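Each remark here refers to the structure printed beneath this line.
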Protein chains: 2
Amino acid sequence: MIYMAKEPRQINLLPKDLPKQWYNIIPDLPEPLPQPKGDMSNMAKAMIKECLGQEQSLERWIDIPEELQEIYQQIGRPRPLFRAKNMEKFLETPAKLYYKAEGLFSPTGSHKINTAIAQAYYAKKEGFEKLVTETGAGQWGTALSCAARLLGLKSTVYWVRAVYQWKEARRNFMKLYGAEVFASPSQNTKTGRELLKENPNHPGSLGIAISEGLEDAISDEKAVYCLGSVLNHVLLHQTIIGLETKKQFEMLDGYPDVVISCLGGGSNFGGLALPFLGDVLKKGGKVKFIAAQSQAAPNLQGEYRYNFADYAEFTPQLKMYTLGHQKEMPPIFGDGLRYHGCSPIISLLRDKGYIDTIAYPLDEKYVFEAAKLFLQLEGFLPAPESAYSIAAAIDEAKKSKEAGKTQTILFNISGHGFMDMEGYKQVLGL
Amino acid sequence: MIYMAKEPRQINLLPKDLPKQWYNIIPDLPEPLPQPKGDMSNMAKAMIKECLGQEQSLERWIDIPEELQEIYQQIGRPRPLFRAKNMEKFLETPAKLYYKAEGLFSPTGSHKINTAIAQAYYAKKEGFEKLVTETGAGQWGTALSCAARLLGLKSTVYWVRAVYQWKEARRNFMKLYGAEVFASPSQNTKTGRELLKENPNHPGSLGIAISEGLEDAISDEKAVYCLGSVLNHVLLHQTIIGLETKKQFEMLDGYPDVVISCLGGGSNFGGLALPFLGDVLKKGGKVKFIAAQSQAAPNLQGEYRYNFADYAEFTPQLKMYTLGHQKEMPPIFGDGLRYHGCSPIISLLRDKGYIDTIAYPLDEKYVFEAAKLFLQLEGFLPAPESAYSIAAAIDEAKKSKEAGKTQTILFNISGHGFMDMEGYKQVLGL
């Protein structure tokens with residue numbers, strides 16, 4: 001069933017239309033962003049200076065260095081915006097559905113590469129030789145491995161053991177880029193060794209992996225620690241997603257009424273939503289922002305308070321929505337959504353009522369069925385995390401139908417699922 | 001090491017620049033294309049009428065129906081052309097290297113989707129309800145499963161057993177699109193049953209799978225058989241690759257001196273090369289065309305003669321370069337290159353001296369090392385088949401260096417490797 005219409009199926013930009021600056025929402029926030037609290041020395045030692053500066057910046061627009069613009073081109077930016085016409089037809093909704101093909105065309109399979117290459121670029125400029133990080137689902141670890149290699153740097157990845165063990169293809173993918181990959185907790189750090197002493201089969205967590213990575217980076221002066229989500233500079237780099245998408249809507253002479261993405265730490269959600277949220281903050285207007293989460297880690301439904309970003313309390317405390325930094329969260333295939341806390345920027349906007357949240361059940365049937373429907377109607381294979389975006393977009397499209405309301409729904413496909421077929425197999429019983 | 005220059009890294013087109021017609025090279029060939037010989041009745045019964053017509057057409061330009069243009073947009077066309085600057089720098093070559101990201105951004109992971117959606121479109125117009133086919137590496141089977149589903153049709157895939165068994169992720173991918181997938185030889189056909197009687201663990205071959213698919217399609221009047229390579233109409237649909245690439249070179253005010261792609265049956269090679277070969281045939285000029293093959297199936301180094309396209313002799317005989325239709329070919333990871341014969345169009349042009357060929361060793365070390373180099377320098381993960389294109393492009397870039405000759409080398413990345421990490425693991429020992 002092909003839906004014929006005059007509107008284009010795909011809206012793309014040319015490389016020359018690539019944004020030249022990232023958008024920093026901090027100066028436009030309704031009140032000053034609460035500062036981190038506690039011992040900053042570990043972070044200050046472990047991190048890239050330029051990124052620490054961006055973390056605090058009050059400049060609304062921050063230049064993307066020319067060389068980095070070129071690397072954005074190399075990794076396939078700008079990325080297309082698609083009209084999901086077959087889904088509209090199937091759902092019999094008066095809503096228009098648009099999705100940003102963010103992760104579908106990414107070399108490493110997700111949006112994470114957008115900040116990975118920025119961090120690798122600055123790290124290299126500052127003379128570092130090795131990038132160290134943690135990873136959960138594996139998307140961030142892959143992105144940083146790729147970025148390090150593209151810039152001629154080494155990389156070390158601490159990967160949550162429960163995921164490391166069964167994602168062999170992704171593990172080999174990171175190694176192919178030249179990364180050194182450890183299952184976390186590992187014997188490589190004090191934090192890891194202590195946890196393994198208690199439980200030799202410890203499944204690990206993102207918080208633990210962050211602790212190990214920080215410990216590793218602090219002990220090696222040529223190494224620097226990179227974070228893939230939560231922090232302000234990460235969201236800043238990711239705004240390239242939403243900035244492109246805004247230009248694409250300008251070409252359509254349209255604007256979204258609803259903006260949806262999945263949310264773990266907040267980087268793909270923020271990347272898509274912040275440029276639109278900035279419009280709302282500056283000019284008013286009614287746009288609904290929905291973060292699609294898992295009941296395994298519905299952090300935006302937690303408490304808004306100061307909390308550590310990692311398990312072992314290496315990081316300062318951030319004011320954020322959190323489930324508690326030592327919270328145990330059940331495993332899900334959408335592992336990128338399994339983090340206890342949410343970005344301070346998103347958290348403040350949530351506290352002020354700008355962001356809604358929905359959390360889908362642990363068995364993931366509903367979201368994988370949504371992803372399957374998307375695949376069968378639109379052709380592309382989403383990552384398990386992106387299945388949550390799709391489920392929320394379908395829910396909104398159904399509400400539009402019930403209300404008989406024409407509206408424009410934008411959602412992000414932050415990753416592809418080519419390396420995540422195990423989730424489809426187990427949840428859908430293929 | 002980032003190579004800075006003023007030339008763009010990526011050359012893209014807008015959806016409005018999508019070709020509106022395919023290029024049919026047959027009227028421009030140096031002599032009439034030899035006709036198929038023998039019993040045409042099986043093919044006539046089993047195939048799509050519009051495709052049979054295109055097979056014989058002498059029209060130079062064939063319109064792409066508007067609805068199909070829209071589906072080309074839906075699957076992400078046009079696709080970018082990239083300048084592989086990091087490779088140029090690493091190889092210290094005066095050559096300019098460009099690659100078409102054909103399979104990297106494809107929903108099913110390869111160029112095969114270009115003809116799959118065309119065939120599904122025509123099949124539906126002619127009232128068929130089910131598409132039947134064979135597949136070797138699995139790329140064609142996935143593409144047809146996707147295309148069938150996008151057009152609301154059913155699909156059945158006969159998959160060479162030796163590959164079916166270990167490619168679980170790809171098998172589930174096809175099923176997720178709704179396809180019925182059989183390991184071939186299967187119990188589903190007479191051909192299959194006879195072969196399994198001789199050898200219950202028969203590994204299968206592309207020729208056998210074609211025989212089974214044809215038998216299935218002929219026995220069901222609502223079913224139609226679709227072929228993914230070799231035939232004229234398949235190459236016709238694939239010319240969208242080269243037509244886009246020609247426009248991209250026009251934007252650069254350039255033209256390739258060398259055009260390279262891997263070759264099994266000839267569809268991605270033909271898709272990229274035929275629009276450029278047409279220029280040479282019409283206007284003269286020196287462009288070198290290189291087909292990158294495996295020593296497992298160096299069909300362009302075989303004999304130019306009439307031969308069957310399938311194992312069980314269901315098809316008519318085609319005048320083509322062939323190794324013999326019952327030739328046993330050793331398994332390789334670049335399984336899409338493992339076919340005994342080559343497209344009649346490419347074969348004729350080979351016979352007339354327009355196409356060079358190189359065949360890489362069975363152990364695949366050289367080509368996987370080339371793919372790894374590409375990954376580490378350019379970021380994207382190629383399919384095993386595309387590793388052959390890259391190896392040939394590197395060889396040519398090295399020759400340019402030795403000769404001190406500035407030339408423009410174009411190669412095609414016909415597929416991505418996200419579902420083929422096993423090959424990287426085993427060949428490179430990850």
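Lettering and numbering for the structure tokens are positional, with chains as A, B, ... in the shown order, residues counted from 1 in each chain, and ligands counted from 1 in the shown order.
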In range 162-352 of chain B, DSSP strand (DSSP E) residues written as an mmCIF file with all heavy atoms, in the first residue's frame:
data_model
loop_
_atom_site.group_PDB
_atom_site.id
_atom_site.type_symbol
_atom_site.label_atom_id
_atom_site.label_comp_id
_atom_site.auth_asym_id
_atom_site.auth_seq_id
_atom_site.Cartn_x
_atom_site.Cartn_y
_atom_site.Cartn_z
ATOM 1 N N GLU B 180 9.164 -15.739 3.980
ATOM 2 C CA GLU B 180 9.301 -17.158 4.278
ATOM 3 C C GLU B 180 10.680 -17.550 3.726
ATOM 4 O O GLU B 180 10.953 -17.328 2.543
ATOM 5 C CB GLU B 180 8.191 -17.895 3.524
ATOM 6 C CG GLU B 180 7.871 -19.266 4.020
ATOM 7 C CD GLU B 180 6.703 -19.880 3.223
ATOM 8 O OE1 GLU B 180 6.464 -19.460 2.063
ATOM 9 O OE2 GLU B 180 6.059 -20.791 3.753
ATOM 10 N N VAL B 181 11.531 -18.097 4.578
ATOM 11 C CA VAL B 181 12.914 -18.340 4.167
ATOM 12 C C VAL B 181 13.246 -19.834 4.274
ATOM 13 O O VAL B 181 13.068 -20.428 5.346
ATOM 14 C CB VAL B 181 13.913 -17.541 5.042
ATOM 15 C CG1 VAL B 181 15.323 -17.641 4.491
ATOM 16 C CG2 VAL B 181 13.484 -16.074 5.164
ATOM 17 N N PHE B 182 13.707 -20.461 3.176
ATOM 18 C CA PHE B 182 14.095 -21.879 3.172
ATOM 19 C C PHE B 182 15.592 -22.032 2.937
ATOM 20 O O PHE B 182 16.163 -21.323 2.102
ATOM 21 C CB PHE B 182 13.374 -22.639 2.054
ATOM 22 C CG PHE B 182 11.877 -22.705 2.231
ATOM 23 C CD1 PHE B 182 11.042 -21.894 1.466
ATOM 24 C CD2 PHE B 182 11.308 -23.581 3.149
ATOM 25 C CE1 PHE B 182 9.660 -21.948 1.633
ATOM 26 C CE2 PHE B 182 9.929 -23.644 3.317
ATOM 27 C CZ PHE B 182 9.098 -22.819 2.558
ATOM 28 N N ALA B 183 16.202 -22.986 3.653
ATOM 29 C CA ALA B 183 17.572 -23.369 3.322
ATOM 30 C C ALA B 183 17.512 -24.210 2.054
ATOM 31 O O ALA B 183 16.691 -25.114 1.939
ATOM 32 C CB ALA B 183 18.181 -24.183 4.463
ATOM 33 N N SER B 184 18.383 -23.902 1.087
ATOM 34 C CA SER B 184 18.364 -24.610 -0.200
ATOM 35 C C SER B 184 19.634 -25.455 -0.362
ATOM 36 O O SER B 184 20.722 -24.939 -0.099
ATOM 37 C CB SER B 184 18.266 -23.584 -1.335
ATOM 38 O OG SER B 184 18.552 -24.196 -2.569
ATOM 39 N N ALA B 223 2.293 -16.334 -7.909
ATOM 40 C CA ALA B 223 3.691 -16.039 -7.569
ATOM 41 C C ALA B 223 4.483 -15.662 -8.815
ATOM 42 O O ALA B 223 4.142 -16.079 -9.933
ATOM 43 C CB ALA B 223 4.325 -17.252 -6.901
ATOM 44 N N VAL B 224 5.537 -14.898 -8.613
ATOM 45 C CA VAL B 224 6.392 -14.496 -9.732
ATOM 46 C C VAL B 224 7.835 -14.571 -9.267
ATOM 47 O O VAL B 224 8.134 -14.366 -8.086
ATOM 48 C CB VAL B 224 5.988 -13.088 -10.232
ATOM 49 C CG1 VAL B 224 6.354 -12.015 -9.213
ATOM 50 C CG2 VAL B 224 6.587 -12.784 -11.581
ATOM 51 N N TYR B 225 8.713 -14.926 -10.202
ATOM 52 C CA TYR B 225 10.114 -15.092 -9.857
ATOM 53 C C TYR B 225 10.893 -13.807 -10.115
ATOM 54 O O TYR B 225 10.717 -13.163 -11.152
ATOM 55 C CB TYR B 225 10.732 -16.236 -10.669
ATOM 56 C CG TYR B 225 12.073 -16.615 -10.124
ATOM 57 C CD1 TYR B 225 12.165 -17.269 -8.904
ATOM 58 C CD2 TYR B 225 13.244 -16.280 -10.789
ATOM 59 C CE1 TYR B 225 13.399 -17.590 -8.354
ATOM 60 C CE2 TYR B 225 14.482 -16.604 -10.256
ATOM 61 C CZ TYR B 225 14.545 -17.254 -9.039
ATOM 62 O OH TYR B 225 15.760 -17.565 -8.500
ATOM 63 N N VAL B 258 39.326 5.957 -13.719
ATOM 64 C CA VAL B 258 39.235 4.531 -13.407
ATOM 65 C C VAL B 258 37.923 4.300 -12.654
ATOM 66 O O VAL B 258 37.598 5.047 -11.728
ATOM 67 C CB VAL B 258 40.411 4.070 -12.509
ATOM 68 C CG1 VAL B 258 40.371 2.557 -12.305
ATOM 69 C CG2 VAL B 258 41.748 4.507 -13.091
ATOM 70 N N VAL B 259 37.168 3.281 -13.068
ATOM 71 C CA VAL B 259 35.900 2.934 -12.411
ATOM 72 C C VAL B 259 35.995 1.486 -11.948
ATOM 73 O O VAL B 259 36.259 0.593 -12.764
ATOM 74 C CB VAL B 259 34.698 3.116 -13.364
ATOM 75 C CG1 VAL B 259 33.397 2.660 -12.696
ATOM 76 C CG2 VAL B 259 34.583 4.573 -13.822
ATOM 77 N N ILE B 260 35.786 1.286 -10.639
ATOM 78 C CA ILE B 260 36.043 -0.032 -10.042
ATOM 79 C C ILE B 260 34.829 -0.489 -9.263
ATOM 80 O O ILE B 260 34.233 0.279 -8.507
ATOM 81 C CB ILE B 260 37.238 0.062 -9.052
ATOM 82 C CG1 ILE B 260 38.530 0.376 -9.802
ATOM 83 C CG2 ILE B 260 37.367 -1.230 -8.229
ATOM 84 C CD1 ILE B 260 39.697 0.736 -8.894
ATOM 85 N N SER B 261 34.461 -1.756 -9.421
ATOM 86 C CA SER B 261 33.594 -2.368 -8.421
ATOM 87 C C SER B 261 33.778 -3.875 -8.422
ATOM 88 O O SER B 261 34.357 -4.445 -9.344
ATOM 89 C CB SER B 261 32.139 -1.991 -8.610
ATOM 90 O OG SER B 261 31.470 -2.198 -7.362
ATOM 91 N N CYS B 262 33.300 -4.495 -7.349
ATOM 92 C CA CYS B 262 33.373 -5.946 -7.274
ATOM 93 C C CYS B 262 32.336 -6.537 -8.222
ATOM 94 O O CYS B 262 31.379 -5.873 -8.606
ATOM 95 C CB CYS B 262 33.144 -6.420 -5.845
ATOM 96 S SG CYS B 262 31.574 -5.895 -5.144
ATOM 97 N N LYS B 288 39.318 3.442 -17.625
ATOM 98 C CA LYS B 288 39.639 2.053 -17.302
ATOM 99 C C LYS B 288 38.549 1.513 -16.382
ATOM 100 O O LYS B 288 38.218 2.141 -15.373
ATOM 101 C CB LYS B 288 40.997 2.052 -16.586
ATOM 102 C CG LYS B 288 41.648 0.705 -16.421
ATOM 103 C CD LYS B 288 43.076 0.910 -15.900
ATOM 104 C CE LYS B 288 43.719 -0.401 -15.482
ATOM 105 N NZ LYS B 288 45.046 -0.174 -14.875
ATOM 106 N N PHE B 289 37.964 0.369 -16.743
ATOM 107 C CA PHE B 289 36.939 -0.269 -15.912
ATOM 108 C C PHE B 289 37.508 -1.565 -15.350
ATOM 109 O O PHE B 289 37.997 -2.402 -16.102
ATOM 110 C CB PHE B 289 35.687 -0.553 -16.746
ATOM 111 C CG PHE B 289 35.024 0.703 -17.250
ATOM 112 C CD1 PHE B 289 35.371 1.260 -18.481
ATOM 113 C CD2 PHE B 289 34.069 1.355 -16.475
ATOM 114 C CE1 PHE B 289 34.780 2.433 -18.932
ATOM 115 C CE2 PHE B 289 33.466 2.531 -16.914
ATOM 116 C CZ PHE B 289 33.828 3.069 -18.155
ATOM 117 N N ILE B 290 37.456 -1.706 -14.019
ATOM 118 C CA ILE B 290 38.045 -2.891 -13.392
ATOM 119 C C ILE B 290 37.010 -3.616 -12.548
ATOM 120 O O ILE B 290 36.410 -3.038 -11.632
ATOM 121 C CB ILE B 290 39.239 -2.512 -12.482
ATOM 122 C CG1 ILE B 290 40.282 -1.723 -13.270
ATOM 123 C CG2 ILE B 290 39.870 -3.768 -11.870
ATOM 124 C CD1 ILE B 290 41.388 -1.143 -12.397
ATOM 125 N N ALA B 291 36.813 -4.898 -12.853
ATOM 126 C CA ALA B 291 35.926 -5.749 -12.061
ATOM 127 C C ALA B 291 36.776 -6.505 -11.045
ATOM 128 O O ALA B 291 37.684 -7.247 -11.411
ATOM 129 C CB ALA B 291 35.200 -6.733 -12.973
ATOM 130 N N ALA B 292 36.465 -6.319 -9.752
ATOM 131 C CA ALA B 292 37.233 -6.979 -8.688
ATOM 132 C C ALA B 292 36.521 -8.267 -8.294
ATOM 133 O O ALA B 292 35.359 -8.251 -7.898
ATOM 134 C CB ALA B 292 37.362 -6.047 -7.486
ATOM 135 N N GLN B 293 37.239 -9.396 -8.447
ATOM 136 C CA GLN B 293 36.624 -10.706 -8.246
ATOM 137 C C GLN B 293 37.414 -11.553 -7.252
ATOM 138 O O GLN B 293 38.474 -11.155 -6.784
ATOM 139 C CB GLN B 293 36.579 -11.439 -9.587
ATOM 140 C CG GLN B 293 35.883 -10.659 -10.684
ATOM 141 C CD GLN B 293 35.372 -11.569 -11.776
ATOM 142 O OE1 GLN B 293 36.096 -11.904 -12.702
ATOM 143 N NE2 GLN B 293 34.121 -11.974 -11.644
ATOM 144 N N SER B 294 36.844 -12.728 -6.974
ATOM 145 C CA SER B 294 37.531 -13.696 -6.127
ATOM 146 C C SER B 294 38.050 -14.844 -6.988
ATOM 147 O O SER B 294 37.407 -15.231 -7.966
ATOM 148 C CB SER B 294 36.561 -14.254 -5.092
ATOM 149 O OG SER B 294 37.103 -15.427 -4.505
ATOM 150 N N GLU B 303 35.307 -18.841 -19.911
ATOM 151 C CA GLU B 303 35.068 -18.868 -21.361
ATOM 152 C C GLU B 303 33.860 -18.013 -21.712
ATOM 153 O O GLU B 303 32.886 -17.986 -20.975
ATOM 154 C CB GLU B 303 34.735 -20.295 -21.801
ATOM 155 C CG GLU B 303 35.879 -21.271 -21.748
ATOM 156 C CD GLU B 303 35.365 -22.669 -22.127
ATOM 157 O OE1 GLU B 303 35.173 -22.911 -23.334
ATOM 158 O OE2 GLU B 303 35.123 -23.462 -21.196
ATOM 159 N N TYR B 304 33.900 -17.385 -22.899
ATOM 160 C CA TYR B 304 32.758 -16.608 -23.392
ATOM 161 C C TYR B 304 31.944 -17.516 -24.295
ATOM 162 O O TYR B 304 32.320 -17.760 -25.447
ATOM 163 C CB TYR B 304 33.269 -15.382 -24.146
ATOM 164 C CG TYR B 304 32.178 -14.410 -24.573
ATOM 165 C CD1 TYR B 304 31.154 -14.047 -23.706
ATOM 166 C CD2 TYR B 304 32.196 -13.837 -25.845
ATOM 167 C CE1 TYR B 304 30.166 -13.145 -24.093
ATOM 168 C CE2 TYR B 304 31.209 -12.924 -26.239
ATOM 169 C CZ TYR B 304 30.196 -12.598 -25.355
ATOM 170 O OH TYR B 304 29.214 -11.714 -25.743
ATOM 171 N N ARG B 305 30.845 -18.045 -23.771
ATOM 172 C CA ARG B 305 30.048 -19.019 -24.530
ATOM 173 C C ARG B 305 28.635 -19.089 -23.962
ATOM 174 O O ARG B 305 28.343 -18.511 -22.924
ATOM 175 C CB ARG B 305 30.699 -20.397 -24.436
ATOM 176 C CG ARG B 305 30.745 -20.969 -23.008
ATOM 177 C CD ARG B 305 31.247 -22.419 -23.038
ATOM 178 N NE ARG B 305 31.515 -22.966 -21.718
ATOM 179 C CZ ARG B 305 30.633 -23.641 -20.965
ATOM 180 N NH1 ARG B 305 29.391 -23.808 -21.390
ATOM 181 N NH2 ARG B 305 30.979 -24.129 -19.778
ATOM 182 N N TYR B 306 27.759 -19.801 -24.653
ATOM 183 C CA TYR B 306 26.412 -20.014 -24.131
ATOM 184 C C TYR B 306 26.465 -20.977 -22.952
ATOM 185 O O TYR B 306 27.175 -21.979 -23.000
ATOM 186 C CB TYR B 306 25.481 -20.562 -25.221
ATOM 187 C CG TYR B 306 24.864 -19.438 -26.028
ATOM 188 C CD1 TYR B 306 25.435 -19.027 -27.234
ATOM 189 C CD2 TYR B 306 23.724 -18.786 -25.563
ATOM 190 C CE1 TYR B 306 24.881 -17.977 -27.962
ATOM 191 C CE2 TYR B 306 23.154 -17.748 -26.284
ATOM 192 C CZ TYR B 306 23.733 -17.341 -27.480
ATOM 193 O OH TYR B 306 23.182 -16.315 -28.180
ATOM 194 N N ASN B 307 25.704 -20.648 -21.887
ATOM 195 C CA ASN B 307 25.682 -21.500 -20.699
ATOM 196 C C ASN B 307 24.403 -21.208 -19.911
ATOM 197 O O ASN B 307 23.824 -20.126 -19.999
ATOM 198 C CB ASN B 307 26.917 -21.201 -19.828
ATOM 199 C CG ASN B 307 27.161 -22.226 -18.728
ATOM 200 O OD1 ASN B 307 27.735 -21.901 -17.698
ATOM 201 N ND2 ASN B 307 26.739 -23.469 -18.919
ATOM 202 N N PHE B 308 23.990 -22.197 -19.135
ATOM 203 C CA PHE B 308 22.811 -22.007 -18.291
ATOM 204 C C PHE B 308 23.130 -21.044 -17.140
ATOM 205 O O PHE B 308 24.257 -20.983 -16.660
ATOM 206 C CB PHE B 308 22.348 -23.348 -17.708
ATOM 207 C CG PHE B 308 21.805 -24.282 -18.752
ATOM 208 C CD1 PHE B 308 22.597 -25.309 -19.272
ATOM 209 C CD2 PHE B 308 20.512 -24.120 -19.241
ATOM 210 C CE1 PHE B 308 22.115 -26.155 -20.247
ATOM 211 C CE2 PHE B 308 20.017 -24.974 -20.223
ATOM 212 C CZ PHE B 308 20.827 -26.001 -20.724
ATOM 213 N N GLN B 317 19.830 -20.642 -22.109
ATOM 214 C CA GLN B 317 21.276 -20.398 -22.052
ATOM 215 C C GLN B 317 21.564 -18.959 -22.451
ATOM 216 O O GLN B 317 20.929 -18.418 -23.356
ATOM 217 C CB GLN B 317 22.000 -21.371 -22.976
ATOM 218 C CG GLN B 317 21.815 -22.817 -22.528
ATOM 219 C CD GLN B 317 22.912 -23.732 -23.054
ATOM 220 O OE1 GLN B 317 24.099 -23.471 -22.838
ATOM 221 N NE2 GLN B 317 22.510 -24.781 -23.741
ATOM 222 N N LEU B 318 22.520 -18.374 -21.766
ATOM 223 C CA LEU B 318 22.908 -16.994 -22.047
ATOM 224 C C LEU B 318 24.339 -16.983 -22.566
ATOM 225 O O LEU B 318 25.172 -17.774 -22.113
ATOM 226 C CB LEU B 318 22.848 -16.155 -20.759
ATOM 227 C CG LEU B 318 21.510 -16.132 -20.014
ATOM 228 C CD1 LEU B 318 21.665 -15.421 -18.662
ATOM 229 C CD2 LEU B 318 20.441 -15.445 -20.857
ATOM 230 N N LYS B 319 24.616 -16.087 -23.498
ATOM 231 C CA LYS B 319 26.000 -15.920 -23.958
ATOM 232 C C LYS B 319 26.720 -15.073 -22.916
ATOM 233 O O LYS B 319 26.399 -13.897 -22.725
ATOM 234 C CB LYS B 319 26.004 -15.209 -25.324
ATOM 235 C CG LYS B 319 27.396 -14.973 -25.923
ATOM 236 C CD LYS B 319 27.887 -16.149 -26.757
ATOM 237 C CE LYS B 319 29.267 -15.924 -27.343
ATOM 238 N NZ LYS B 319 29.232 -15.176 -28.636
ATOM 239 N N MET B 320 27.644 -15.730 -22.241
ATOM 240 C CA MET B 320 28.296 -15.011 -21.135
ATOM 241 C C MET B 320 29.665 -15.605 -20.799
ATOM 242 O O MET B 320 29.964 -16.734 -21.182
ATOM 243 C CB MET B 320 27.397 -15.032 -19.888
ATOM 244 C CG MET B 320 27.060 -16.412 -19.354
ATOM 245 S SD MET B 320 25.917 -16.273 -17.929
ATOM 246 C CE MET B 320 25.689 -18.007 -17.518
ATOM 247 N N TYR B 321 30.454 -14.832 -20.080
ATOM 248 C CA TYR B 321 31.666 -15.399 -19.496
ATOM 249 C C TYR B 321 31.233 -16.336 -18.372
ATOM 250 O O TYR B 321 30.444 -15.951 -17.504
ATOM 251 C CB TYR B 321 32.592 -14.307 -18.958
ATOM 252 C CG TYR B 321 33.533 -13.797 -20.020
ATOM 253 C CD1 TYR B 321 33.162 -12.759 -20.853
ATOM 254 C CD2 TYR B 321 34.773 -14.401 -20.216
ATOM 255 C CE1 TYR B 321 34.013 -12.305 -21.855
ATOM 256 C CE2 TYR B 321 35.632 -13.954 -21.208
ATOM 257 C CZ TYR B 321 35.244 -12.912 -22.020
ATOM 258 O OH TYR B 321 36.090 -12.487 -23.016
ATOM 259 N N THR B 322 31.755 -17.566 -18.403
ATOM 260 C CA THR B 322 31.284 -18.553 -17.426
ATOM 261 C C THR B 322 32.383 -19.538 -17.047
ATOM 262 O O THR B 322 33.314 -19.781 -17.823
ATOM 263 C CB THR B 322 30.063 -19.321 -17.980
ATOM 264 O OG1 THR B 322 29.626 -20.276 -17.002
ATOM 265 C CG2 THR B 322 30.403 -20.050 -19.280
#
Requested in this report: Dump as number ranges by chain the residues of chain B that approach chain A to within 7 Å, counting only C-alpha atoms.
Outcome: B: 1-2, 9-10, 12-15, 70, 73-75, 105, 107, 146, 149-152, 169, 172, 176-177, 372, 376-377, 379-381, 418-419, 421, 425, 430
Got time to write the residues from that selection, C-alpha atoms, as a PDB file, in the first residue's frame?
ATOM      1  CA  MET B   1      46.031  12.767  10.572  1.00  0.00           C
ATOM      2  CA  ILE B   2      43.349  14.830   8.911  1.00  0.00           C
ATOM      3  CA  ARG B   9      34.514  15.434   1.474  1.00  0.00           C
ATOM      4  CA  GLN B  10      30.983  14.596   0.463  1.00  0.00           C
ATOM      5  CA  ASN B  12      25.375  14.876  -2.425  1.00  0.00           C
ATOM      6  CA  LEU B  13      22.303  15.588  -4.495  1.00  0.00           C
ATOM      7  CA  LEU B  14      18.848  16.623  -3.376  1.00  0.00           C
ATOM      8  CA  PRO B  15      15.873  14.286  -3.803  1.00  0.00           C
ATOM      9  CA  GLU B  70       8.958   8.244  -4.488  1.00  0.00           C
ATOM     10  CA  GLN B  73      13.373   8.620  -1.973  1.00  0.00           C
ATOM     11  CA  GLN B  74      11.886   6.563   0.826  1.00  0.00           C
ATOM     12  CA  ILE B  75      14.897   4.226   0.806  1.00  0.00           C
ATOM     13  CA  PHE B 105      22.998   3.893   3.541  1.00  0.00           C
ATOM     14  CA  PRO B 107      17.895  -0.067   4.391  1.00  0.00           C
ATOM     15  CA  CYS B 146      11.892  -5.575   2.134  1.00  0.00           C
ATOM     16  CA  ARG B 149       6.669  -5.805   2.220  1.00  0.00           C
ATOM     17  CA  LEU B 150       6.871  -2.141   1.193  1.00  0.00           C
ATOM     18  CA  LEU B 151       4.532  -2.927  -1.703  1.00  0.00           C
ATOM     19  CA  GLY B 152       2.234  -5.101   0.429  1.00  0.00           C
ATOM     20  CA  ALA B 169      20.922 -12.279  12.149  1.00  0.00           C
ATOM     21  CA  ASN B 172      15.863 -13.050  11.203  1.00  0.00           C
ATOM     22  CA  LEU B 176      11.124  -9.559  10.277  1.00  0.00           C
ATOM     23  CA  TYR B 177      10.130  -8.170   6.872  1.00  0.00           C
ATOM     24  CA  LYS B 372      40.038  -2.624   7.592  1.00  0.00           C
ATOM     25  CA  GLN B 376      40.102   2.978  10.034  1.00  0.00           C
ATOM     26  CA  LEU B 377      40.687   5.882   7.655  1.00  0.00           C
ATOM     27  CA  GLY B 379      35.046   5.394   9.242  1.00  0.00           C
ATOM     28  CA  PHE B 380      32.505   3.214   7.408  1.00  0.00           C
ATOM     29  CA  LEU B 381      32.289  -0.601   7.600  1.00  0.00           C
ATOM     30  CA  PHE B 418      27.224  -4.742  10.007  1.00  0.00           C
ATOM     31  CA  MET B 419      25.858  -8.247   9.542  1.00  0.00           C
ATOM     32  CA  MET B 421      31.462  -9.296  11.314  1.00  0.00           C
ATOM     33  CA  LYS B 425      36.710 -11.966  12.861  1.00  0.00           C
ATOM     34  CA  LEU B 430      40.039 -10.560  15.925  1.00  0.00           C
TER      35      LEU B 430
END
Spatial neighbours of Tyr255 in chain A, 9 Å, only C-alpha atoms, chain gap at least 3 places, as a PyMOL selection string:
chain A and resi 246+249-250+252+408
Keeping C-alpha atoms, export the residues of the selection given above as an mmCIF file, in the first residue's frame.
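out25.cif was written with the following content:
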data_model
loop_
_atom_site.group_PDB
_atom_site.id
_atom_site.type_symbol
_atom_site.label_atom_id
_atom_site.label_comp_id
_atom_site.auth_asym_id
_atom_site.auth_seq_id
_atom_site.Cartn_x
_atom_site.Cartn_y
_atom_site.Cartn_z
ATOM 1 C CA LYS A 246 15.055 22.851 11.883
ATOM 2 C CA PHE A 249 11.429 22.005 8.424
ATOM 3 C CA GLU A 250 12.138 25.500 7.055
ATOM 4 C CA LEU A 252 9.050 22.365 4.158
ATOM 5 C CA THR A 408 3.167 17.387 12.863
#
